[in-house]
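In what follows, a single structure is set out as structure tokens and then discussed.
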Protein chains: 2
Amino acid sequence: MTPGTAEKRWIVGVDLGGTNIVVGLIPIEGGEVMGLRTHPTDATRGAKFVVDRMVAMVEEAIESVTSGHGTTRDAVAGVGIGSPGPLDRKTGTVINTPNLGWRNFPLRDLMANALHLPCTLDNDANCATYGEWWTGAGRGTQTLVGLTLGTGIGGGIVLNGEIYHGCSDVAGEIGHMTIDSNGRRCKCGNYGCLEQYASGPAIATRAIEGLEAGAPSLLVDMVDGRLDDITAATVYEAVVEGDPYANEVMKDTAKFLGAGIASIINILNPEMVVIAGGVTRAGEHLFEPLRAEVRRRAFRSAQECCRIVSGQLPGTAGVVGAAAVFKKENYGHV
Amino acid sequence: MTPGTAEKRWIVGVDLGGTNIVVGLIPIEGGEVMGLRTHPTDATRGAKFVVDRMVAMVEEAIESVTSGHGTTRDAVAGVGIGSPGPLDRKTGTVINTPNLGWRNFPLRDLMANALHLPCTLDNDANCATYGEWWTGAGRGTQTLVGLTLGTGIGGGIVLNGEIYHGCSDVAGEIGHMTIDSNGRRCKCGNYGCLEQYASGPAIATRAIEGLEAGAPSLLVDMVDGRLDDITAATVYEAVVEGDPYANEVMKDTAKFLGAGIASIINILNPEMVVIAGGVTRAGEHLFEPLRAEVRRRAFRSAQECCRIVSGQLPGTAGVVGAAAVFKKENYGHV
């Protein structure tokens, strides 16, 4: 087979985050991620450094997978990139990412030129949701909403098998839905955003506030009294250890999340809400009170057709979804 | 031209409400409503009475328009019906409408059999939004969200020129988005729904609460001291008269609405939000503080592409939209 005419077998997915870059190859027909690798983003070293690192990681991943299958780079159809936003998908430009310090950065074309491969660009939270839809928890659904609870709350909406972008690629910012109109100020400028109650830092902040007010808990010993060291992960570890206070914090998180998800269910009436992120490791300690809160709030005929589940692709949903975006844009379907 | 083969020129729209039934004919290509008529629903007289009244109104409207154009009933393509929900659109059944007291009522087929015309059925708030999209404020947009402030808050979502229904025809219940997770109990069972802060009765309730607390206002004289007679219409009349207290109530309404609409803009990133209902007669007394609140809250790149406007089809949006649904379902486009 001559170069450039090899049968296309894989798409590369790149998940660019503020902390890590994750890269892997996904079979065009969907399936397990291959050649997966993760490196720190090291954004402080500048945009060129980050792009060079992504390019090197993509080349390494391609080499490792194709050589293992006795084929070449020509079997790779292209590269889907997921990046923090806001983005302009049409021009492939990152408009502004505070975490990376980039402004109007033509990420897609820089990658395409360096790799000599076609590239696509979409929002990281959209990609994570689309990944779950393609090969994760949402397989077979038509309409799905995804939430990733991390440093912030990322959101994505899949309607009829396509990412819903809205008129300026902003759609899906579910973390910035107000659940308390006079509530906590959010980094985005709004007040009472869901993100201020159910993101990782929000969970830690609420836990610390209660401990400072004197609530007894394992958490204090777990961080040797240094309350500022408490993170959402500490809270969920204490929940698993059976700490009643940590369980209360988790239940409160579930209630706030439940209020937000009930609104989403009343507005979008999706088949599924997929929740991803470290906090979901709390399992039924989170999901049981969350589902109860949604039952208490959402329209019955909307909640009856909606499953609320945990993501099935921890760590790789973004890579899988970035590849799915590439497939959708280049093949017309996923 | 033989009967049944006449060129189809009009679609009938029926807007069934808890208080009134509105019927009119709309040219298939869109345009002014013709043969418009309104009658009380008189739901207490039973479902058969209401259906008979709707059938009679449709026949009268058809007769008045067709005879005026020297043509016959054969020039009517069919009838679009908008009804309070929840509905099952596939079977044309009203599942449950507390206002009418109906349960599992096969409205569409009863109308079709009585009229010998094909009928479609959709939610009244969806129809009102679709009407504004077809020939009202939203002409030419792709993605639009509609809110009708009345006894409740009806909502509808138009995406890519189609009503978005979700997986069980519930989508668009924007009035039942929680804007205060510990807020006022709503009839729907949820807490802090937008409807509890910005519907007509909610506006009146907030106005009365302040007056009872001693706020001076024209409103007291306008109802001869009978505070329970205050409605949203009284409040807006006092605003127009320059009453500072009523203006504060309107501004608060705008703030609550603004919090909800900012969330919708962050989630759906629409080109337009159309607000309809009697309260919009307050004009800039409502829209100016509303837009300011949205500016304060929503993502800039989402609000920059979104116009927030007043509906242009007061009283007829539901009829126009019901006809648009008929056209969409029977012709594949509107």
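Scheme for the structure tokens: letters A, B, ... for chains in order shown; per-chain residue numbers from 1; ligand numbers from 1 in order shown.
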
Checklist entry - Could you pull out the alpha helix (DSSP H) residues of range 32-218 of chain A from DSSP and send them as a PyMOL selection string? => result chain A and resi 47-68+107-115+124-135+195-198+200-212+218

Taking only C-alpha atoms into account, produce a table as CSV in which each residue of chain A with an atom at most 8 Å from an atom of chain B appears once, together with its shortest atom pair and the distance in Å to one decimal, ordered by chain and rising number.
residue,atom,partner,partner_atom,distance
A:Thr143,CA,B:Cys167,CA,7.5
A:His165,CA,B:Asn269,CA,7.6
A:Gly166,CA,B:Asn269,CA,4.7
A:Cys167,CA,B:Asn269,CA,5.8
A:Ser168,CA,B:Ala302,CA,6.2
A:Asp169,CA,B:Asn269,CA,7.6
A:Val170,CA,B:Asn269,CA,6.0
A:Ala171,CA,B:Leu268,CA,4.8
A:Gly172,CA,B:Ile267,CA,4.6
A:Glu173,CA,B:Ile267,CA,5.1
A:Ile174,CA,B:Ile267,CA,5.6
A:His176,CA,B:Asn266,CA,6.7
A:Met177,CA,B:Ser263,CA,4.5
A:Thr178,CA,B:Ile179,CA,5.9
A:Ile179,CA,B:Ile179,CA,4.8
A:Asp180,CA,B:Asp180,CA,4.1
A:Ser181,CA,B:Ile179,CA,5.7
A:Asn182,CA,B:Asp180,CA,7.9
A:Cys188,CA,B:Phe299,CA,7.3
A:Gly189,CA,B:Arg297,CA,6.2
A:Asn190,CA,B:Arg297,CA,4.3
A:Tyr191,CA,B:Arg297,CA,7.1
A:Phe256,CA,B:Ser181,CA,7.4
A:Ala259,CA,B:Ser181,CA,6.3
A:Gly260,CA,B:Thr178,CA,7.3
A:Ala262,CA,B:Met177,CA,7.7
A:Ser263,CA,B:Met177,CA,4.5
A:Ile264,CA,B:Met177,CA,7.6
A:Ile265,CA,B:Ala171,CA,7.7
A:Asn266,CA,B:Glu173,CA,5.3
A:Ile267,CA,B:Gly172,CA,4.6
A:Leu268,CA,B:Ala171,CA,4.8
A:Asn269,CA,B:Gly166,CA,4.7
A:Pro270,CA,B:Gly166,CA,5.9
A:Glu271,CA,B:Cys167,CA,6.1
A:Arg296,CA,B:Asn190,CA,6.7
A:Arg297,CA,B:Asn190,CA,4.3
A:Ala298,CA,B:Asn190,CA,6.8
A:Phe299,CA,B:Cys188,CA,7.3
A:Ser301,CA,B:Ser168,CA,6.8
A:Ala302,CA,B:Val170,CA,6.0
A:Cys305,CA,B:Ser168,CA,6.9

Prev. selection, C-alpha atoms, output as an mmCIF file, in the first residue's frame:
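To be explicit, this is the file written out as again-v2.cif:
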data_model
loop_
_atom_site.group_PDB
_atom_site.id
_atom_site.type_symbol
_atom_site.label_atom_id
_atom_site.label_comp_id
_atom_site.auth_asym_id
_atom_site.auth_seq_id
_atom_site.Cartn_x
_atom_site.Cartn_y
_atom_site.Cartn_z
ATOM 1 C CA THR A 143 -29.901 12.715 24.270
ATOM 2 C CA HIS A 165 -22.859 23.936 20.684
ATOM 3 C CA GLY A 166 -25.324 26.821 20.611
ATOM 4 C CA CYS A 167 -24.801 29.966 18.563
ATOM 5 C CA SER A 168 -21.320 30.874 19.841
ATOM 6 C CA ASP A 169 -19.924 27.525 21.041
ATOM 7 C CA VAL A 170 -20.724 28.296 24.687
ATOM 8 C CA ALA A 171 -23.638 25.889 25.221
ATOM 9 C CA GLY A 172 -23.426 23.303 27.982
ATOM 10 C CA GLU A 173 -22.001 25.506 30.749
ATOM 11 C CA ILE A 174 -24.153 23.700 33.285
ATOM 12 C CA HIS A 176 -22.694 28.088 35.641
ATOM 13 C CA MET A 177 -26.394 27.624 36.150
ATOM 14 C CA THR A 178 -27.548 29.640 39.166
ATOM 15 C CA ILE A 179 -29.053 27.457 41.880
ATOM 16 C CA ASP A 180 -29.178 30.277 44.426
ATOM 17 C CA SER A 181 -29.681 33.722 42.915
ATOM 18 C CA ASN A 182 -28.214 35.435 45.979
ATOM 19 C CA CYS A 188 -17.280 33.647 36.138
ATOM 20 C CA GLY A 189 -18.827 36.777 37.665
ATOM 21 C CA ASN A 190 -22.224 35.222 38.307
ATOM 22 C CA TYR A 191 -23.708 34.395 41.708
ATOM 23 C CA PHE A 256 -27.061 20.934 45.506
ATOM 24 C CA ALA A 259 -31.281 20.774 42.479
ATOM 25 C CA GLY A 260 -29.190 21.595 39.424
ATOM 26 C CA ALA A 262 -33.550 18.472 38.341
ATOM 27 C CA SER A 263 -33.557 21.826 36.515
ATOM 28 C CA ILE A 264 -31.609 20.302 33.640
ATOM 29 C CA ILE A 265 -34.065 17.402 33.484
ATOM 30 C CA ASN A 266 -37.046 19.797 33.420
ATOM 31 C CA ILE A 267 -35.441 21.896 30.694
ATOM 32 C CA LEU A 268 -33.736 19.313 28.480
ATOM 33 C CA ASN A 269 -35.596 16.093 29.338
ATOM 34 C CA PRO A 270 -32.566 13.928 28.472
ATOM 35 C CA GLU A 271 -32.371 10.129 28.496
ATOM 36 C CA ARG A 296 -38.155 15.260 45.007
ATOM 37 C CA ARG A 297 -37.758 18.048 42.462
ATOM 38 C CA ALA A 298 -38.055 17.083 38.782
ATOM 39 C CA PHE A 299 -41.211 16.491 36.742
ATOM 40 C CA SER A 301 -42.537 12.112 33.412
ATOM 41 C CA ALA A 302 -39.121 13.667 32.797
ATOM 42 C CA CYS A 305 -37.121 8.461 31.338
#

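Taking CA of Val79 in chain A and CA of Pro40 in chain A as endpoints, the distance between them is 19.6 Å.
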
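Nearest residue to Pro106 in chain A among A:Ile308, A:Ile153, A:Ala77, A:Ala47 is A:Ala47, counting only C-alpha atoms.
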
Checklist entry - Quick one: residues within 12 Å of Val325 in chain A, only C-alpha atoms counted, chain neighbours fewer than 6 positions away excluded, as a PyMOL selection string? => result chain A and resi 11-14+26+28+78-82+89+119-124+126-131+133-134+158+161-164+318-319+331-334

Item to check | Those in range 123-277 of chain A with strand (DSSP E) from DSSP, as a VMD selection string | outcome: chain A and resid 123 144 to 149 153 to 159 162 to 163 272 to 276

Resulting file, chosen residues, C-alpha atoms, as an mmCIF file, in the first residue's frame:
data_model
loop_
_atom_site.group_PDB
_atom_site.id
_atom_site.type_symbol
_atom_site.label_atom_id
_atom_site.label_comp_id
_atom_site.auth_asym_id
_atom_site.auth_seq_id
_atom_site.Cartn_x
_atom_site.Cartn_y
_atom_site.Cartn_z
ATOM 1 C CA ASN A 123 -14.321 22.157 24.194
ATOM 2 C CA LEU A 144 -27.444 12.974 27.121
ATOM 3 C CA VAL A 145 -26.111 15.599 29.495
ATOM 4 C CA GLY A 146 -22.645 15.226 31.007
ATOM 5 C CA LEU A 147 -21.191 16.849 34.104
ATOM 6 C CA THR A 148 -17.571 16.544 35.158
ATOM 7 C CA LEU A 149 -16.968 17.529 38.760
ATOM 8 C CA ILE A 153 -17.879 21.759 36.800
ATOM 9 C CA GLY A 154 -17.642 21.048 33.116
ATOM 10 C CA GLY A 155 -20.808 20.359 31.196
ATOM 11 C CA GLY A 156 -21.760 19.053 27.791
ATOM 12 C CA ILE A 157 -24.993 18.348 25.944
ATOM 13 C CA VAL A 158 -25.464 15.659 23.294
ATOM 14 C CA LEU A 159 -28.707 15.904 21.308
ATOM 15 C CA GLU A 162 -24.404 15.408 18.186
ATOM 16 C CA ILE A 163 -22.718 17.803 20.573
ATOM 17 C CA MET A 272 -29.307 10.198 30.705
ATOM 18 C CA VAL A 273 -27.207 12.402 32.948
ATOM 19 C CA VAL A 274 -23.619 11.151 33.233
ATOM 20 C CA ILE A 275 -21.581 12.415 36.150
ATOM 21 C CA ALA A 276 -17.825 12.067 36.034
#

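Among the candidate residues A:Ala204, A:Gly315, A:Ile230, A:Gly68, the one lying nearest to Gly17 in chain A is A:Gly315, with distances computed using only C-alpha atoms.
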